[in-house]
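Okay, structure first, notes after.
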Amino acid sequence: MKITDVRTAVVEANYDWTFTRIYTDEGITGLGESFLAPGLTAIIADLKPLLVGEDPRNVDKLFSKMRWAASGAGSMGGIVYNAISGIEAALWDVVGKFYGMPIHNLLGGKYRDEVRIYADCHAGEALEALDSVMVARHPRWLPEAEKSAIASEINHPVHGRAFGEAATDEVFTPEMYASRAREVADMGFTAMKFDLDVPNPYTKDTHSGTLTHAEVKFMAALVEGVREAVGDAVDIAFDLHWRYNVSDAERLACELEPYGLMWLEDPVPPENIEAMRRVTQSTKTPISSGENYYMRYGFREALEKGALDIIAPDLQKTGGLLEGRKIADMADAHYVAVAPHCIASPVGTIASAHVCAAIPNFLALEWHGMSVPFWEDMVVGFDGPIIKDGYIKVPEAPGLGVDLNEEVAREYARPGEPFFGE
Ligand code: MG
């Protein structure tokens, strides 16, 4: 079997869902999804000559071929791997279809039939739609009336160390968090995550990475609202998006100890493992990070130094599905759990679910699609709703087990991007 072509399509959802399809001379095609990045489809197109003519079954060798080719331009991680991850996942879809096996079988078989999902929640109702540099935008398909709901965030980076001053006029309260938490628990989820670095009435300086006592108390009140709403049967996590300095992150993490968090995510910037280790060692609140780390090498030091309690690789970004298995194995040697980050469409989410089924040390997989009205409609071939009572039943059909719903994908396709060569 030989690869004959590699094509992409982009759907404009809450993020740009970027799909790669691999074509072969056997008539088998494979579908993968990449985490968004500036210039992503151009990178995938540049990688195509490395793949055409190759046997798609040599997935690990092809991963290495792309890796070392990209290293020539200086890449030891970064967005080239977002491209490689989508291609790698598409290769596994081809291989699974060829051998008549679901991807999880190719990764060692499954530990579990159903994968626990944690819902990423916003307290507000509005769709959060972000472009490849995390600036809020109005998707082409959004009704005019709903556009105003995110208008105030336009041109303000939403994530990152410094959110724009007055980036949103939405004031969050513990009651709003509690009400959303109850709603999500009623949908059957046993785990959920909220942003905690939301606009805080006591914040005077969003650039400093510092927290005043009043800010810490405000954040603790939001956490308390969620915990009281869902009780002890639901696991709750909170994300800080790399925003704070070490001592204020420690202070906040210790303040949150009574609420028994599943984890507190990215309290400090991700590059300094020693700083992360200090935060982690200072508190009983489990600390998680990993969506910025690429491949095993990106996680090695943090694991060796005990800098993280939970790791959160993004399988559409870190290097692909087999790399995810390898990262999980390395974490397992340090008795560390894996809770993959995921902002993907059902294509990437189900690919991630295959990995989550195949690793022992799995905690929960993220679902970031609650605000996207067509999330469930993006694929065909799944039996019933994809997420049911907070779990995904891992598909048993060959390969990924689902295919893109091209009609729906075309409807929401990003203007200016090719749609599988059209
Ligand atoms: Mg995060």
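Each chain in the structure tokens gets a letter, A, B and so on, in the order shown; residues start at 1 in every chain, and ligands are counted from 1 in the order they appear.
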**Request:** Set the cut-off to 8 Å, count only C-alpha atoms and all ligand atoms, and list whatever residues fall near ligand 1 as a ChimeraX atom specification.
**Result:** /A:239-241,265-266,289,291,341
Restricting it to N, CA and C atoms, dump the selection as a compact mmCIF listing (two decimals), in the first residue's frame.
```txt
# COMPACT_ATOMS: atom_id res chain seq x y z
N ASP A 239 -8.68 26.14 35.62
CA ASP A 239 -7.56 26.46 34.74
C ASP A 239 -7.10 27.90 34.98
N LEU A 240 -5.78 28.10 35.06
CA LEU A 240 -5.22 29.44 35.29
C LEU A 240 -4.43 29.97 34.08
N HIS A 241 -4.29 29.16 33.02
CA HIS A 241 -3.68 29.63 31.77
C HIS A 241 -2.33 30.32 31.96
N GLU A 265 -4.87 23.90 36.98
CA GLU A 265 -4.11 23.76 35.74
C GLU A 265 -3.28 25.01 35.43
N ASP A 266 -2.06 24.80 35.04
CA ASP A 266 -1.18 25.85 34.53
C ASP A 266 -1.16 27.10 35.40
N SER A 289 -0.37 20.26 34.08
CA SER A 289 0.09 21.05 32.94
C SER A 289 0.41 20.09 31.80
N GLU A 291 -0.40 20.98 28.03
CA GLU A 291 -0.89 21.23 26.68
C GLU A 291 0.13 21.96 25.81
N HIS A 341 -5.61 17.06 27.30
CA HIS A 341 -6.23 18.31 26.86
C HIS A 341 -6.85 18.04 25.49
```
**Item:** Spatial neighbours of range 389-401 of chain A, 7 Å, only C-alpha atoms, chain gap at least 4 places, as a PyMOL selection string
**Value:** chain A and resi 92-97+100-103+113-117+187-190+351+353-354+381
**Request:** Apply DSSP to the backbone of this structure and, from range 5-251 of chain A, keep only the residues in strand (DSSP E); write these as a PyMOL selection string.
**Result:** chain A and resi 5-12+16-24+29-34+114-121+191-195+235-239
**Message:** I'd like the contact shell of Asp403 in chain A - 9 Å cut-off, only C-alpha atoms, skipping same-chain residues fewer than 4 positions apart - returned as a list in words.
**Reply:**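 Listed by chain and then number, they are Gly30, Leu31, Val347, Met378, Val379, Val380, Gly381 and Phe382 of chain A.
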**Request:** Rank nothing, just name the residue among A:Ala312, A:Leu363, A:Leu127, A:Ala73 nearest to Pro340 in chain A, using only C-alpha atoms.
**Result:** A:Ala312
**Prompt:** With distances taken over only C-alpha atoms, which of A:His334, A:Lys193, A:Arg7, A:Arg251 is nearest to Cys121 in chain A?
**Reply:** A:Lys193
**Request:** Give me the residues within 9 Å of Val279 in chain A as number ranges by chain, counting only C-alpha atoms and dropping any in the same chain fewer than 2 places off.
**Result:** A: 246-247, 249-250, 253, 267-268, 274-277, 281-283, 287, 307
**Request:** Would you mind listing what lies within 12 Å of Leu252 in chain A as a VMD selection string, with only C-alpha atoms counted and same-chain residues fewer than 4 positions away left out?
**Result:** chain A and resid 196 to 197 210 to 221 223 238 240 244 to 248 256 to 259 264 to 265 267 to 268 279 to 280 282 to 285 287
Could you save those same residues with N, CA and C atoms as a short mmCIF file (atom, residue, chain, number, x, y, z; two decimals), in the first residue's frame?
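Output file part.cif is given in full below:
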```cif
data_model
loop_
_atom_site.label_atom_id
_atom_site.label_comp_id
_atom_site.auth_asym_id
_atom_site.auth_seq_id
_atom_site.Cartn_x
_atom_site.Cartn_y
_atom_site.Cartn_z
N LEU A 196 -10.49 29.91 35.92
CA LEU A 196 -10.50 30.66 37.18
C LEU A 196 -9.85 32.03 37.00
N ASP A 197 -9.14 32.22 35.90
CA ASP A 197 -8.47 33.49 35.63
C ASP A 197 -9.39 34.41 34.83
N THR A 210 0.58 38.89 39.38
CA THR A 210 0.40 38.89 40.84
C THR A 210 -1.08 38.74 41.19
N LEU A 211 -1.32 38.35 42.44
CA LEU A 211 -2.69 38.24 42.95
C LEU A 211 -2.76 38.93 44.32
N THR A 212 -3.74 39.81 44.49
CA THR A 212 -3.96 40.38 45.81
C THR A 212 -4.79 39.40 46.65
N HIS A 213 -4.84 39.67 47.95
CA HIS A 213 -5.65 38.83 48.84
C HIS A 213 -7.11 38.82 48.38
N ALA A 214 -7.61 39.99 47.97
CA ALA A 214 -9.02 40.08 47.53
C ALA A 214 -9.25 39.23 46.28
N GLU A 215 -8.29 39.24 45.36
CA GLU A 215 -8.44 38.43 44.15
C GLU A 215 -8.46 36.94 44.49
N VAL A 216 -7.56 36.54 45.39
CA VAL A 216 -7.52 35.13 45.81
C VAL A 216 -8.87 34.73 46.42
N LYS A 217 -9.41 35.59 47.27
CA LYS A 217 -10.70 35.29 47.93
C LYS A 217 -11.84 35.22 46.91
N PHE A 218 -11.81 36.12 45.91
CA PHE A 218 -12.83 36.10 44.86
C PHE A 218 -12.78 34.76 44.11
N MET A 219 -11.55 34.33 43.77
CA MET A 219 -11.40 33.07 43.04
C MET A 219 -11.86 31.89 43.89
N ALA A 220 -11.52 31.92 45.17
CA ALA A 220 -11.94 30.84 46.07
C ALA A 220 -13.46 30.78 46.17
N ALA A 221 -14.11 31.95 46.11
CA ALA A 221 -15.58 31.97 46.17
C ALA A 221 -16.19 31.31 44.93
N VAL A 223 -14.79 28.90 43.21
CA VAL A 223 -14.55 27.47 43.40
C VAL A 223 -15.55 26.90 44.40
N PHE A 238 -9.83 23.51 37.74
CA PHE A 238 -9.82 24.93 37.36
C PHE A 238 -8.54 25.26 36.62
N LEU A 240 -5.78 28.10 35.06
CA LEU A 240 -5.22 29.44 35.29
C LEU A 240 -4.43 29.97 34.08
N TYR A 244 0.31 33.27 36.59
CA TYR A 244 0.76 33.87 37.85
C TYR A 244 2.21 33.57 38.20
N ASN A 245 2.72 34.33 39.17
CA ASN A 245 4.08 34.07 39.66
C ASN A 245 4.03 32.93 40.68
N VAL A 246 5.20 32.45 41.07
CA VAL A 246 5.25 31.24 41.89
C VAL A 246 4.55 31.43 43.24
N SER A 247 4.88 32.51 43.95
CA SER A 247 4.37 32.60 45.32
C SER A 247 2.86 32.86 45.34
N ASP A 248 2.35 33.62 44.37
CA ASP A 248 0.90 33.85 44.35
C ASP A 248 0.15 32.60 43.89
N LEU A 256 -7.20 26.91 47.97
CA LEU A 256 -8.23 26.05 47.35
C LEU A 256 -8.22 24.63 47.90
N GLU A 257 -7.29 24.31 48.79
CA GLU A 257 -7.17 22.93 49.30
C GLU A 257 -8.47 22.38 49.90
N PRO A 258 -9.25 23.19 50.65
CA PRO A 258 -10.47 22.61 51.26
C PRO A 258 -11.49 22.11 50.24
N TYR A 259 -11.38 22.54 48.96
CA TYR A 259 -12.41 22.19 47.99
C TYR A 259 -12.10 20.91 47.21
N LEU A 264 -5.56 21.81 39.60
CA LEU A 264 -5.44 23.23 39.27
C LEU A 264 -4.44 23.28 38.12
N GLU A 265 -4.87 23.90 36.98
CA GLU A 265 -4.11 23.76 35.74
C GLU A 265 -3.28 25.01 35.43
N PRO A 267 -0.78 26.97 36.68
CA PRO A 267 -0.73 28.15 37.55
C PRO A 267 0.39 29.12 37.18
N VAL A 268 1.49 28.59 36.67
CA VAL A 268 2.63 29.43 36.27
C VAL A 268 2.97 29.14 34.82
N VAL A 279 5.64 25.05 42.97
CA VAL A 279 4.19 25.18 43.21
C VAL A 279 3.61 23.81 43.59
N THR A 280 3.95 22.80 42.81
CA THR A 280 3.39 21.46 43.03
C THR A 280 3.73 20.93 44.42
N SER A 282 4.33 22.60 47.02
CA SER A 282 3.90 23.47 48.11
C SER A 282 2.47 23.20 48.58
N THR A 283 1.73 22.36 47.83
CA THR A 283 0.29 22.31 48.08
C THR A 283 -0.28 20.90 47.93
N LYS A 284 -1.38 20.65 48.62
CA LYS A 284 -2.10 19.38 48.46
C LYS A 284 -3.00 19.43 47.22
N THR A 285 -3.26 20.62 46.69
CA THR A 285 -4.05 20.71 45.45
C THR A 285 -3.22 20.14 44.31
N ILE A 287 -1.52 19.66 40.87
CA ILE A 287 -1.19 20.62 39.81
C ILE A 287 -1.02 19.87 38.49
#
```
Neighbouring residues of Asn82 in chain A were defined as those with any atom within 10 Å, considering only C-alpha atoms; residues of the same chain fewer than 2 positions away were excluded. Please report them as a PDB file with all heavy atoms, in the first residue's frame.
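Output (selection_27.pdb):
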```
ATOM      1  N   THR A  18      -8.913  21.530  12.113  1.00  0.00           N
ATOM      2  CA  THR A  18      -8.129  21.315  10.898  1.00  0.00           C
ATOM      3  C   THR A  18      -7.972  19.818  10.642  1.00  0.00           C
ATOM      4  O   THR A  18      -7.376  19.105  11.448  1.00  0.00           O
ATOM      5  CB  THR A  18      -6.764  22.002  11.037  1.00  0.00           C
ATOM      6  OG1 THR A  18      -6.993  23.389  11.329  1.00  0.00           O
ATOM      7  CG2 THR A  18      -5.954  21.885   9.754  1.00  0.00           C
ATOM      8  N   GLU A  33      -7.025  14.876  12.837  1.00  0.00           N
ATOM      9  CA  GLU A  33      -7.271  16.283  13.172  1.00  0.00           C
ATOM     10  C   GLU A  33      -6.063  16.861  13.892  1.00  0.00           C
ATOM     11  O   GLU A  33      -5.447  16.206  14.732  1.00  0.00           O
ATOM     12  CB  GLU A  33      -8.518  16.414  14.067  1.00  0.00           C
ATOM     13  CG  GLU A  33      -8.845  17.871  14.408  1.00  0.00           C
ATOM     14  CD  GLU A  33     -10.191  18.037  15.113  1.00  0.00           C
ATOM     15  OE1 GLU A  33     -10.966  17.070  15.221  1.00  0.00           O
ATOM     16  OE2 GLU A  33     -10.453  19.182  15.566  1.00  0.00           O
ATOM     17  N   SER A  34      -5.747  18.119  13.558  1.00  0.00           N
ATOM     18  CA  SER A  34      -4.664  18.858  14.203  1.00  0.00           C
ATOM     19  C   SER A  34      -5.224  19.966  15.082  1.00  0.00           C
ATOM     20  O   SER A  34      -6.262  20.560  14.759  1.00  0.00           O
ATOM     21  CB  SER A  34      -3.770  19.537  13.154  1.00  0.00           C
ATOM     22  OG  SER A  34      -3.065  18.594  12.396  1.00  0.00           O
ATOM     23  N   PHE A  35      -4.516  20.280  16.139  1.00  0.00           N
ATOM     24  CA  PHE A  35      -4.765  21.490  16.937  1.00  0.00           C
ATOM     25  C   PHE A  35      -4.428  22.692  16.057  1.00  0.00           C
ATOM     26  O   PHE A  35      -3.466  22.686  15.309  1.00  0.00           O
ATOM     27  CB  PHE A  35      -3.834  21.450  18.153  1.00  0.00           C
ATOM     28  CG  PHE A  35      -4.124  22.468  19.212  1.00  0.00           C
ATOM     29  CD1 PHE A  35      -4.802  22.096  20.369  1.00  0.00           C
ATOM     30  CD2 PHE A  35      -3.696  23.779  19.088  1.00  0.00           C
ATOM     31  CE1 PHE A  35      -5.042  23.026  21.368  1.00  0.00           C
ATOM     32  CE2 PHE A  35      -3.944  24.711  20.085  1.00  0.00           C
ATOM     33  CZ  PHE A  35      -4.621  24.336  21.233  1.00  0.00           C
ATOM     34  N   LEU A  36      -5.235  23.750  16.177  1.00  0.00           N
ATOM     35  CA  LEU A  36      -5.034  24.923  15.325  1.00  0.00           C
ATOM     36  C   LEU A  36      -3.641  25.540  15.482  1.00  0.00           C
ATOM     37  O   LEU A  36      -2.996  25.372  16.519  1.00  0.00           O
ATOM     38  CB  LEU A  36      -6.093  25.990  15.638  1.00  0.00           C
ATOM     39  CG  LEU A  36      -5.914  26.803  16.915  1.00  0.00           C
ATOM     40  CD1 LEU A  36      -6.857  27.986  16.906  1.00  0.00           C
ATOM     41  CD2 LEU A  36      -6.196  25.964  18.157  1.00  0.00           C
ATOM     42  N   ALA A  37      -3.184  26.246  14.463  1.00  0.00           N
ATOM     43  CA  ALA A  37      -1.924  26.996  14.534  1.00  0.00           C
ATOM     44  C   ALA A  37      -1.862  27.935  13.345  1.00  0.00           C
ATOM     45  O   ALA A  37      -2.433  27.644  12.295  1.00  0.00           O
ATOM     46  CB  ALA A  37      -0.733  26.047  14.488  1.00  0.00           C
ATOM     47  N   LEU A  40      -1.066  26.551   9.550  1.00  0.00           N
ATOM     48  CA  LEU A  40      -1.058  25.096   9.734  1.00  0.00           C
ATOM     49  C   LEU A  40      -1.223  24.307   8.434  1.00  0.00           C
ATOM     50  O   LEU A  40      -0.470  23.360   8.178  1.00  0.00           O
ATOM     51  CB  LEU A  40      -2.169  24.720  10.725  1.00  0.00           C
ATOM     52  CG  LEU A  40      -2.312  23.252  11.080  1.00  0.00           C
ATOM     53  CD1 LEU A  40      -1.024  22.675  11.638  1.00  0.00           C
ATOM     54  CD2 LEU A  40      -3.431  23.069  12.108  1.00  0.00           C
ATOM     55  N   ILE A  43       1.856  24.162   6.375  1.00  0.00           N
ATOM     56  CA  ILE A  43       2.865  23.232   6.903  1.00  0.00           C
ATOM     57  C   ILE A  43       2.530  21.801   6.479  1.00  0.00           C
ATOM     58  O   ILE A  43       3.396  21.047   6.035  1.00  0.00           O
ATOM     59  CB  ILE A  43       2.957  23.330   8.445  1.00  0.00           C
ATOM     60  CG1 ILE A  43       3.417  24.732   8.869  1.00  0.00           C
ATOM     61  CG2 ILE A  43       3.935  22.284   8.989  1.00  0.00           C
ATOM     62  CD1 ILE A  43       3.362  24.973  10.381  1.00  0.00           C
ATOM     63  N   ILE A  44       1.248  21.448   6.591  1.00  0.00           N
ATOM     64  CA  ILE A  44       0.833  20.089   6.190  1.00  0.00           C
ATOM     65  C   ILE A  44       1.138  19.868   4.707  1.00  0.00           C
ATOM     66  O   ILE A  44       1.653  18.818   4.322  1.00  0.00           O
ATOM     67  CB  ILE A  44      -0.657  19.853   6.511  1.00  0.00           C
ATOM     68  CG1 ILE A  44      -0.880  19.906   8.040  1.00  0.00           C
ATOM     69  CG2 ILE A  44      -1.138  18.509   5.945  1.00  0.00           C
ATOM     70  CD1 ILE A  44      -2.338  19.940   8.481  1.00  0.00           C
ATOM     71  N   GLY A  77       9.920  21.083  18.565  1.00  0.00           N
ATOM     72  CA  GLY A  77       8.565  21.085  19.122  1.00  0.00           C
ATOM     73  C   GLY A  77       7.828  22.159  18.355  1.00  0.00           C
ATOM     74  O   GLY A  77       8.237  22.539  17.267  1.00  0.00           O
ATOM     75  N   GLY A  78       6.734  22.643  18.901  1.00  0.00           N
ATOM     76  CA  GLY A  78       6.039  23.741  18.251  1.00  0.00           C
ATOM     77  C   GLY A  78       5.087  23.280  17.169  1.00  0.00           C
ATOM     78  O   GLY A  78       4.800  22.088  17.021  1.00  0.00           O
ATOM     79  N   ILE A  79       4.620  24.245  16.382  1.00  0.00           N
ATOM     80  CA  ILE A  79       3.426  24.004  15.568  1.00  0.00           C
ATOM     81  C   ILE A  79       3.637  23.032  14.413  1.00  0.00           C
ATOM     82  O   ILE A  79       2.664  22.518  13.882  1.00  0.00           O
ATOM     83  CB  ILE A  79       2.805  25.328  15.060  1.00  0.00           C
ATOM     84  CG1 ILE A  79       3.785  26.101  14.202  1.00  0.00           C
ATOM     85  CG2 ILE A  79       2.318  26.155  16.230  1.00  0.00           C
ATOM     86  CD1 ILE A  79       3.212  27.397  13.675  1.00  0.00           C
ATOM     87  N   VAL A  80       4.897  22.745  14.040  1.00  0.00           N
ATOM     88  CA  VAL A  80       5.103  21.674  13.059  1.00  0.00           C
ATOM     89  C   VAL A  80       4.486  20.382  13.589  1.00  0.00           C
ATOM     90  O   VAL A  80       3.950  19.571  12.831  1.00  0.00           O
ATOM     91  CB  VAL A  80       6.606  21.482  12.766  1.00  0.00           C
ATOM     92  CG1 VAL A  80       6.856  20.185  12.010  1.00  0.00           C
ATOM     93  CG2 VAL A  80       7.138  22.651  11.961  1.00  0.00           C
ATOM     94  N   ILE A  84       2.061  17.450  12.230  1.00  0.00           N
ATOM     95  CA  ILE A  84       2.447  16.036  12.257  1.00  0.00           C
ATOM     96  C   ILE A  84       1.400  15.208  13.012  1.00  0.00           C
ATOM     97  O   ILE A  84       1.081  14.085  12.608  1.00  0.00           O
ATOM     98  CB  ILE A  84       3.852  15.886  12.910  1.00  0.00           C
ATOM     99  CG1 ILE A  84       4.923  16.475  11.977  1.00  0.00           C
ATOM    100  CG2 ILE A  84       4.153  14.430  13.245  1.00  0.00           C
ATOM    101  CD1 ILE A  84       6.326  16.519  12.570  1.00  0.00           C
ATOM    102  N   SER A  85       0.843  15.764  14.082  1.00  0.00           N
ATOM    103  CA  SER A  85      -0.124  15.011  14.893  1.00  0.00           C
ATOM    104  C   SER A  85      -1.369  14.639  14.090  1.00  0.00           C
ATOM    105  O   SER A  85      -1.891  13.522  14.220  1.00  0.00           O
ATOM    106  CB  SER A  85      -0.541  15.833  16.124  1.00  0.00           C
ATOM    107  OG  SER A  85       0.564  16.060  16.964  1.00  0.00           O
ATOM    108  N   GLY A  86      -1.869  15.567  13.275  1.00  0.00           N
ATOM    109  CA  GLY A  86      -3.053  15.274  12.454  1.00  0.00           C
ATOM    110  C   GLY A  86      -2.741  14.241  11.383  1.00  0.00           C
ATOM    111  O   GLY A  86      -3.564  13.351  11.109  1.00  0.00           O
ATOM    112  N   ILE A  87      -1.545  14.347  10.806  1.00  0.00           N
ATOM    113  CA  ILE A  87      -1.129  13.372   9.776  1.00  0.00           C
ATOM    114  C   ILE A  87      -0.980  11.987  10.410  1.00  0.00           C
ATOM    115  O   ILE A  87      -1.455  10.981   9.876  1.00  0.00           O
ATOM    116  CB  ILE A  87       0.212  13.818   9.135  1.00  0.00           C
ATOM    117  CG1 ILE A  87       0.004  15.096   8.320  1.00  0.00           C
ATOM    118  CG2 ILE A  87       0.803  12.691   8.282  1.00  0.00           C
ATOM    119  CD1 ILE A  87       1.295  15.773   7.863  1.00  0.00           C
ATOM    120  N   TYR A 294       5.625  19.098  23.914  1.00  0.00           N
ATOM    121  CA  TYR A 294       5.671  18.268  22.714  1.00  0.00           C
ATOM    122  C   TYR A 294       6.464  16.988  22.952  1.00  0.00           C
ATOM    123  O   TYR A 294       7.585  17.032  23.467  1.00  0.00           O
ATOM    124  CB  TYR A 294       6.287  19.057  21.549  1.00  0.00           C
ATOM    125  CG  TYR A 294       5.356  20.148  21.061  1.00  0.00           C
ATOM    126  CD1 TYR A 294       5.405  21.427  21.602  1.00  0.00           C
ATOM    127  CD2 TYR A 294       4.402  19.879  20.087  1.00  0.00           C
ATOM    128  CE1 TYR A 294       4.532  22.422  21.172  1.00  0.00           C
ATOM    129  CE2 TYR A 294       3.530  20.857  19.644  1.00  0.00           C
ATOM    130  CZ  TYR A 294       3.594  22.135  20.187  1.00  0.00           C
ATOM    131  OH  TYR A 294       2.737  23.114  19.770  1.00  0.00           O
ATOM    132  N   ASP A 314      -1.838  17.225  24.704  1.00  0.00           N
ATOM    133  CA  ASP A 314      -2.893  17.397  23.705  1.00  0.00           C
ATOM    134  C   ASP A 314      -2.519  16.522  22.518  1.00  0.00           C
ATOM    135  O   ASP A 314      -1.508  16.768  21.857  1.00  0.00           O
ATOM    136  CB  ASP A 314      -3.008  18.869  23.293  1.00  0.00           C
ATOM    137  CG  ASP A 314      -4.229  19.105  22.421  1.00  0.00           C
ATOM    138  OD1 ASP A 314      -4.346  18.419  21.381  1.00  0.00           O
ATOM    139  OD2 ASP A 314      -5.060  19.956  22.775  1.00  0.00           O
ATOM    140  N   LEU A 315      -3.326  15.514  22.241  1.00  0.00           N
ATOM    141  CA  LEU A 315      -2.939  14.502  21.257  1.00  0.00           C
ATOM    142  C   LEU A 315      -3.073  14.994  19.821  1.00  0.00           C
ATOM    143  O   LEU A 315      -2.583  14.356  18.900  1.00  0.00           O
ATOM    144  CB  LEU A 315      -3.749  13.221  21.479  1.00  0.00           C
ATOM    145  CG  LEU A 315      -3.589  12.656  22.907  1.00  0.00           C
ATOM    146  CD1 LEU A 315      -4.552  11.519  23.161  1.00  0.00           C
ATOM    147  CD2 LEU A 315      -2.156  12.214  23.168  1.00  0.00           C
ATOM    148  N   GLN A 316      -3.705  16.151  19.621  1.00  0.00           N
ATOM    149  CA  GLN A 316      -3.758  16.770  18.293  1.00  0.00           C
ATOM    150  C   GLN A 316      -2.575  17.719  18.091  1.00  0.00           C
ATOM    151  O   GLN A 316      -2.509  18.465  17.122  1.00  0.00           O
ATOM    152  CB  GLN A 316      -5.072  17.546  18.105  1.00  0.00           C
ATOM    153  CG  GLN A 316      -6.277  16.660  17.834  1.00  0.00           C
ATOM    154  CD  GLN A 316      -6.694  15.847  19.050  1.00  0.00           C
ATOM    155  OE1 GLN A 316      -6.913  16.395  20.119  1.00  0.00           O
ATOM    156  NE2 GLN A 316      -6.786  14.537  18.897  1.00  0.00           N
ATOM    157  N   LYS A 317      -1.643  17.703  19.022  1.00  0.00           N
ATOM    158  CA  LYS A 317      -0.582  18.702  19.019  1.00  0.00           C
ATOM    159  C   LYS A 317       0.769  18.102  19.425  1.00  0.00           C
ATOM    160  O   LYS A 317       1.803  18.432  18.874  1.00  0.00           O
ATOM    161  CB  LYS A 317      -0.989  19.776  20.040  1.00  0.00           C
ATOM    162  CG  LYS A 317      -0.140  20.992  20.118  1.00  0.00           C
ATOM    163  CD  LYS A 317      -0.375  21.682  21.464  1.00  0.00           C
ATOM    164  CE  LYS A 317      -1.327  22.856  21.377  1.00  0.00           C
ATOM    165  NZ  LYS A 317      -1.409  23.617  22.647  1.00  0.00           N
ATOM    166  N   THR A 318       0.772  17.189  20.378  1.00  0.00           N
ATOM    167  CA  THR A 318       2.027  16.778  21.012  1.00  0.00           C
ATOM    168  C   THR A 318       2.872  15.855  20.153  1.00  0.00           C
ATOM    169  O   THR A 318       4.055  15.654  20.424  1.00  0.00           O
ATOM    170  CB  THR A 318       1.750  16.125  22.383  1.00  0.00           C
ATOM    171  OG1 THR A 318       2.950  16.112  23.145  1.00  0.00           O
ATOM    172  CG2 THR A 318       1.224  14.700  22.238  1.00  0.00           C
ATOM    173  N   GLY A 319       2.277  15.282  19.075  1.00  0.00           N
ATOM    174  CA  GLY A 319       3.048  14.370  18.233  1.00  0.00           C
ATOM    175  C   GLY A 319       2.224  13.182  17.738  1.00  0.00           C
ATOM    176  O   GLY A 319       2.730  12.356  17.006  1.00  0.00           O
ATOM    177  N   GLY A 320       0.983  13.107  18.172  1.00  0.00           N
ATOM    178  CA  GLY A 320       0.098  12.076  17.631  1.00  0.00           C
ATOM    179  C   GLY A 320      -0.315  11.040  18.644  1.00  0.00           C
ATOM    180  O   GLY A 320      -0.092  11.185  19.851  1.00  0.00           O
TER     181      GLY A 320
END
```
